[in-house]
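Colleague: I am attaching a structure below and will ask some questions about it afterwards.
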Amino acid sequence: METPAQRRLQAIQSHLLPLSIDDDPNSTIIRSQTAGEFYQGEKYSVVLPEKLQTGKWNVYRSARFPVNLVTRFPNHPEIGTLHENFVHAVDSFPDYKYLGTRVRVDGTVGEYKWMTYGEVSNARSAVGSALQNYGLSKGMSVGLYFINRPEWVVVDHACSAYSYISVPLYDTLGPDAVKYIVNHADVQAIFCVPETLNSLLSFLSEIPTVRVIVVVGGVDEHLPSLPQAAGVKLISYSKLLSQGRARIQPFSPPTPDDVATICYTSGTTGTPKGVVLTHGNLIANTAGVSTNVNFCSSDVYISYLPLAHIYERANQILVAYNGCAVGFYQGDNLKLMDDLLALRPTIFCSVPRLYNRIYAGIINAVKTSGALKEKLFNVAYNSKKQAILNDAIFQGENPSQIWDKLVFNKIKAKLGGRVRLMASGASPLSSDVMDFLKVCFGCRVLEGYGMTETSCVISSMDADDNMSGHVGSPNPACEVKLVDVPEMNYTSDDQPHPRGEICVRGPIIFKGYYKDEVQTREVIDDDGWLHTGDIGLWLPGGRLKIIDRKKNIFKLAQGEYIAPEKIENVYAKCRFVAQCFVYGDSLNSSLVAVVAVEPDALKDWASGEGIKYEDLGQLCRHPRAKAAVLADMDALGREAGLRGFEFVKAVTLVPEPFTVENGLLTPTLKVKRPQAKVYFEKEIGEMYALLSKADPTQSKL
């Protein structure tokens, strides 16, 4: 006869899963050394009690590493710093291609020219030695003020080898922001290009900590002479290399707890905040990602996302660990497609904004290709999509090869024809677009979620997960929980899915905002949880889905809460929409939008409608153009299941894109909402006036 204790034990065991399929099914209670004593398994995540005393099972971890969080690469636990990561790469792949740029011959851009891992290692030693010879010591800050190119990576490796702190500066930052960051981070040396040198020299007297300025791509004879009183040495990158090679200094290796970088988040408001990340933070995050994403030394990666952003920075750490080749774009987004054809990458990482444009471009081309070709595409698309959902293609069976030959190989060729992995981050990617990319490019498409304060990835889709519309399970280097937000009606008791603010804890969490304890304590609580400000829910299997943003929420006059980014992501698929800013407030009962148009799509529509116009601005003001765009947006809204109050009721079309230069975007291409509100104040007022005139109940003014 069973005792009460045995029955209680069996009851507990019925709610738990074994650590692995090889475990004894009769012994399913597993001890955890780090967060509670037990865990409950789902397919992609495991759930643990945050505190045994409360009895609440609300902390999620990767099912692949349920007991201990990842802090090092499982196959190379000796790597604890970025310096050790690069030493591993040089030792393992000394003669492999590493950093490549396109060579210009007689004014024409040609093929890629490569530096090997060994050559980059030598350049790294020369740069670090030269800086040390100029008086920079361990722990000093070095600024990088230029766009992606091999020298950026070389300087970053030099900082790691000699224990300098790298401070990326967005090349699009205005003078005031650059000046603030340089002074705030006590930057001692700045690497720039001729285009950004002039900006630095305009406020040189106001950045007193700077002692060396190195001009990448500059020629010493053409550099301006600085007054001796300035106390600043101005030198070309090539001369710095020569000086360093002539007097090589031994490395000053960092420890995992040393600061590797201070990344200043642009933010949508206020002064930039310096996110302090250690070597251990960055290695832990990348090591966790490496357990799910399989890069190899034969892979080729294209670098065009800003290196000053943590997304691209983390990618660079991972490609170096695996010995991949990195080809850099020319520096012009309009020439990116040409660079892709020349490089033919196997790995392509991007952001939803570009993927949405690819999607809209292909859809528009199909719709204008004629009825027969459109029907062929749709049949091919539906057939291959079903094969992918059945996982046949990625299990080695490909019943859709005929469709690839007839339809999709032409699309694949646009990215060079060899892409085997696509990744998306920075903002949510719609499930429709993700499925579309999988079908058209015939490769894995993974979406991740992260932020600078977590050293990049918080969660990412598992490689064997074909379901779209979520950001996967937690990075094995962290744990995630959802915290109730009662003012927005999000709670862990919500049905059918628990909802709340996403909070993260683990070795990937930053050390704090530089010289700002107050703001640090606002986001990291006493138990070490980072509060992201994002709202998520748990889908079956332990998958995380982002549904809202705590900070960007506003309330309409009738009391309905609005998450504008969610709505903008729906409208981003509209063929006429390049960018979209959705606005509403508590004085009005409806939403309006400002749309930066896709010029070609709008012009093609106007041609088909027989509409005459002098320029794009005049076309944007045409009532029929506004009506056509709004109708297309409405159709997408209905398809996405937007609620009635989430539809925009009026739209203003503008010919100029939102850019960093006009103050409407952050350097990571997020809309600056307060600035956009001011910038488009007149247009917003006019839209609400028209709505009020048409229906006085629309406004509560």
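We label chains A, B, ... in the order they appear in the structure tokens, count residues from 1 in each chain, and number ligands from 1 in the order shown.
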Which residues are near A:Arg353? Cut-off 12 Å, only C-alpha atoms, ignore same chain within fewer than 3 positions. Put them as a ChimeraX atom specification.
Modeller: /A:350,356-360,424-430,433,568-574,577-580,668-671
Colleague: As a PyMOL selection string, please: the residues near A:Gly280 (cut-off 8 Å, only C-alpha atoms, same-chain neighbours under 2 positions excluded).
Modeller: chain A and resi 71+80-81+256-258+278+282-284+507-508
Colleague: Using only C-alpha atoms, which residues sit within 12 Å of A:Ser252 once same-chain residues fewer than 5 positions away are excluded, as number ranges by chain?
Modeller: A: 83-84, 125, 128-129, 132, 136-139, 158-164, 258
Colleague: Taking the DSSP assignment computed from this structure's backbone, write out as JSON, numbers by chain all residues of stretch 121-334 of chain A that belong to helix (DSSP H, G or I).
Modeller: {"A": [121, 122, 123, 124, 125, 126, 127, 128, 129, 130, 131, 132, 133, 150, 151, 152, 153, 154, 155, 156, 157, 158, 159, 160, 161, 175, 176, 177, 178, 179, 180, 181, 182, 183, 184, 194, 195, 196, 197, 198, 199, 200, 201, 202, 204, 205, 206, 220, 221, 222, 228, 229, 230, 237, 238, 239, 240, 241, 242, 243, 244, 245, 246, 279, 280, 281, 282, 283, 284, 285, 286, 287, 288, 289, 290, 310, 311, 312, 313, 314, 315, 316, 317, 318, 319, 320, 321, 322, 333, 334]}
Colleague: For stretch 327-341 of chain A, find every residue with an atom within 6 Å (counting only C-alpha atoms), except residues of its own chain fewer than 3 positions away, and show them as a PyMOL selection string.
Modeller: chain A and resi 99-101+149+302-304+344+415-416
Colleague: Could you check which of A:Ala463, A:Leu82, A:Met633, A:Val439 is closest to A:Val648, using only C-alpha atoms?
Modeller: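 Selected residue with least distance to A:Val648: A:Met633.
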Colleague: For A:Ser202, list every protein, DNA or RNA residue within 12 Å, evaluated using only C-alpha atoms, and leave out those in the same chain fewer than 6 positions away; present the list as a ChimeraX atom specification.
Modeller: /A:174-176,178-179,196,226
Colleague: Tell me which protein, DNA and RNA residues are within 7 Å of A:Glu453, counting only C-alpha atoms, leaving out same-chain ones fewer than 2 positions away, and put them as a ChimeraX atom specification.
Modeller: /A:275,451,455,509-510
Colleague: Emit the selected residues as a tab-separated table (two decimals), in the first residue's frame, including N, CA and C atoms.
Modeller:
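And here's selection_0.tsv as it stands now:
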```
chain	number	residue	atom	x	y	z
A	275	VAL	N	26.17	51.74	-22.35
A	275	VAL	CA	25.95	50.39	-21.85
A	275	VAL	C	27.31	49.72	-21.67
A	451	MET	N	18.79	42.98	-27.02
A	451	MET	CA	19.04	44.39	-26.81
A	451	MET	C	20.49	44.59	-26.40
A	455	SER	N	23.83	42.15	-24.14
A	455	SER	CA	24.96	41.74	-24.99
A	455	SER	C	24.50	41.17	-26.31
A	509	ILE	N	23.89	39.90	-18.85
A	509	ILE	CA	23.36	41.21	-18.44
A	509	ILE	C	24.49	42.21	-18.23
A	510	PHE	N	24.32	43.40	-18.78
A	510	PHE	CA	25.35	44.43	-18.71
A	510	PHE	C	25.63	44.85	-17.26
```
Colleague: In terms of the shortest atom-to-atom distance over only C-alpha atoms, which of A:Ile248, A:Leu421, A:Cys324, A:Val210 is closest to A:Asp95?
Modeller: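 Closest to A:Asp95, using only C-alpha atoms: A:Cys324.
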Colleague: Mind checking which residues fall within 12 Å of A:Val597, counting only C-alpha atoms, ignoring those fewer than 2 positions away in the same chain, and posting them as an NGL selection string?
Modeller: :A and (357 or 571-572 or 574-581 or 593-595 or 599-603 or 616-617 or 619-621 or 625-626 or 629-630 or 651-658)
Colleague: Keeping C-alpha atoms, export the residues of the selection given above as a PDB file, in the first residue's frame.
Modeller:
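Saved the output as result.pdb:
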```
ATOM      1  CA  ARG A 357      11.115  45.662 -48.877  1.00  0.00           C
ATOM      2  CA  TYR A 571       1.448  48.289 -42.618  1.00  0.00           C
ATOM      3  CA  ALA A 572       5.135  47.810 -43.504  1.00  0.00           C
ATOM      4  CA  CYS A 574       2.068  47.506 -47.987  1.00  0.00           C
ATOM      5  CA  ARG A 575       3.684  47.895 -51.406  1.00  0.00           C
ATOM      6  CA  PHE A 576       3.344  51.689 -51.216  1.00  0.00           C
ATOM      7  CA  VAL A 577       4.914  52.013 -47.749  1.00  0.00           C
ATOM      8  CA  ALA A 578       8.637  52.498 -47.265  1.00  0.00           C
ATOM      9  CA  GLN A 579       8.224  53.730 -43.681  1.00  0.00           C
ATOM     10  CA  CYS A 580       5.257  54.420 -41.459  1.00  0.00           C
ATOM     11  CA  PHE A 581       4.623  56.509 -38.345  1.00  0.00           C
ATOM     12  CA  ALA A 593      -0.414  57.801 -40.039  1.00  0.00           C
ATOM     13  CA  VAL A 594       2.377  59.519 -41.917  1.00  0.00           C
ATOM     14  CA  VAL A 595       3.746  57.306 -44.692  1.00  0.00           C
ATOM     15  CA  PRO A 599       8.420  56.008 -55.080  1.00  0.00           C
ATOM     16  CA  ASP A 600       8.458  53.317 -57.778  1.00  0.00           C
ATOM     17  CA  ALA A 601       5.350  51.553 -56.474  1.00  0.00           C
ATOM     18  CA  LEU A 602       3.354  54.794 -56.245  1.00  0.00           C
ATOM     19  CA  LYS A 603       4.508  55.972 -59.674  1.00  0.00           C
ATOM     20  CA  LEU A 616       6.530  62.908 -56.386  1.00  0.00           C
ATOM     21  CA  GLY A 617       5.460  65.517 -53.841  1.00  0.00           C
ATOM     22  CA  LEU A 619       1.528  62.828 -56.421  1.00  0.00           C
ATOM     23  CA  CYS A 620       1.694  62.293 -52.639  1.00  0.00           C
ATOM     24  CA  ARG A 621      -0.845  65.083 -52.173  1.00  0.00           C
ATOM     25  CA  ALA A 625      -3.163  58.408 -54.136  1.00  0.00           C
ATOM     26  CA  LYS A 626      -4.004  58.786 -50.456  1.00  0.00           C
ATOM     27  CA  VAL A 629      -2.620  53.699 -50.080  1.00  0.00           C
ATOM     28  CA  LEU A 630      -5.151  53.751 -47.244  1.00  0.00           C
ATOM     29  CA  VAL A 651      -2.989  59.076 -43.962  1.00  0.00           C
ATOM     30  CA  THR A 652      -0.484  61.694 -45.106  1.00  0.00           C
ATOM     31  CA  LEU A 653       1.969  60.676 -47.818  1.00  0.00           C
ATOM     32  CA  VAL A 654       5.431  62.227 -47.868  1.00  0.00           C
ATOM     33  CA  PRO A 655       8.092  61.809 -50.563  1.00  0.00           C
ATOM     34  CA  GLU A 656      11.094  62.103 -48.263  1.00  0.00           C
ATOM     35  CA  PRO A 657      12.146  59.038 -46.215  1.00  0.00           C
ATOM     36  CA  PHE A 658      12.615  59.097 -42.461  1.00  0.00           C
TER      37      PHE A 658
END
```
Colleague: What is the atom CA of A:Phe203-atom CA of A:Lys672 distance in Å, reported with one decimal?
Modeller: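 A separation of 26.0 Å between them.
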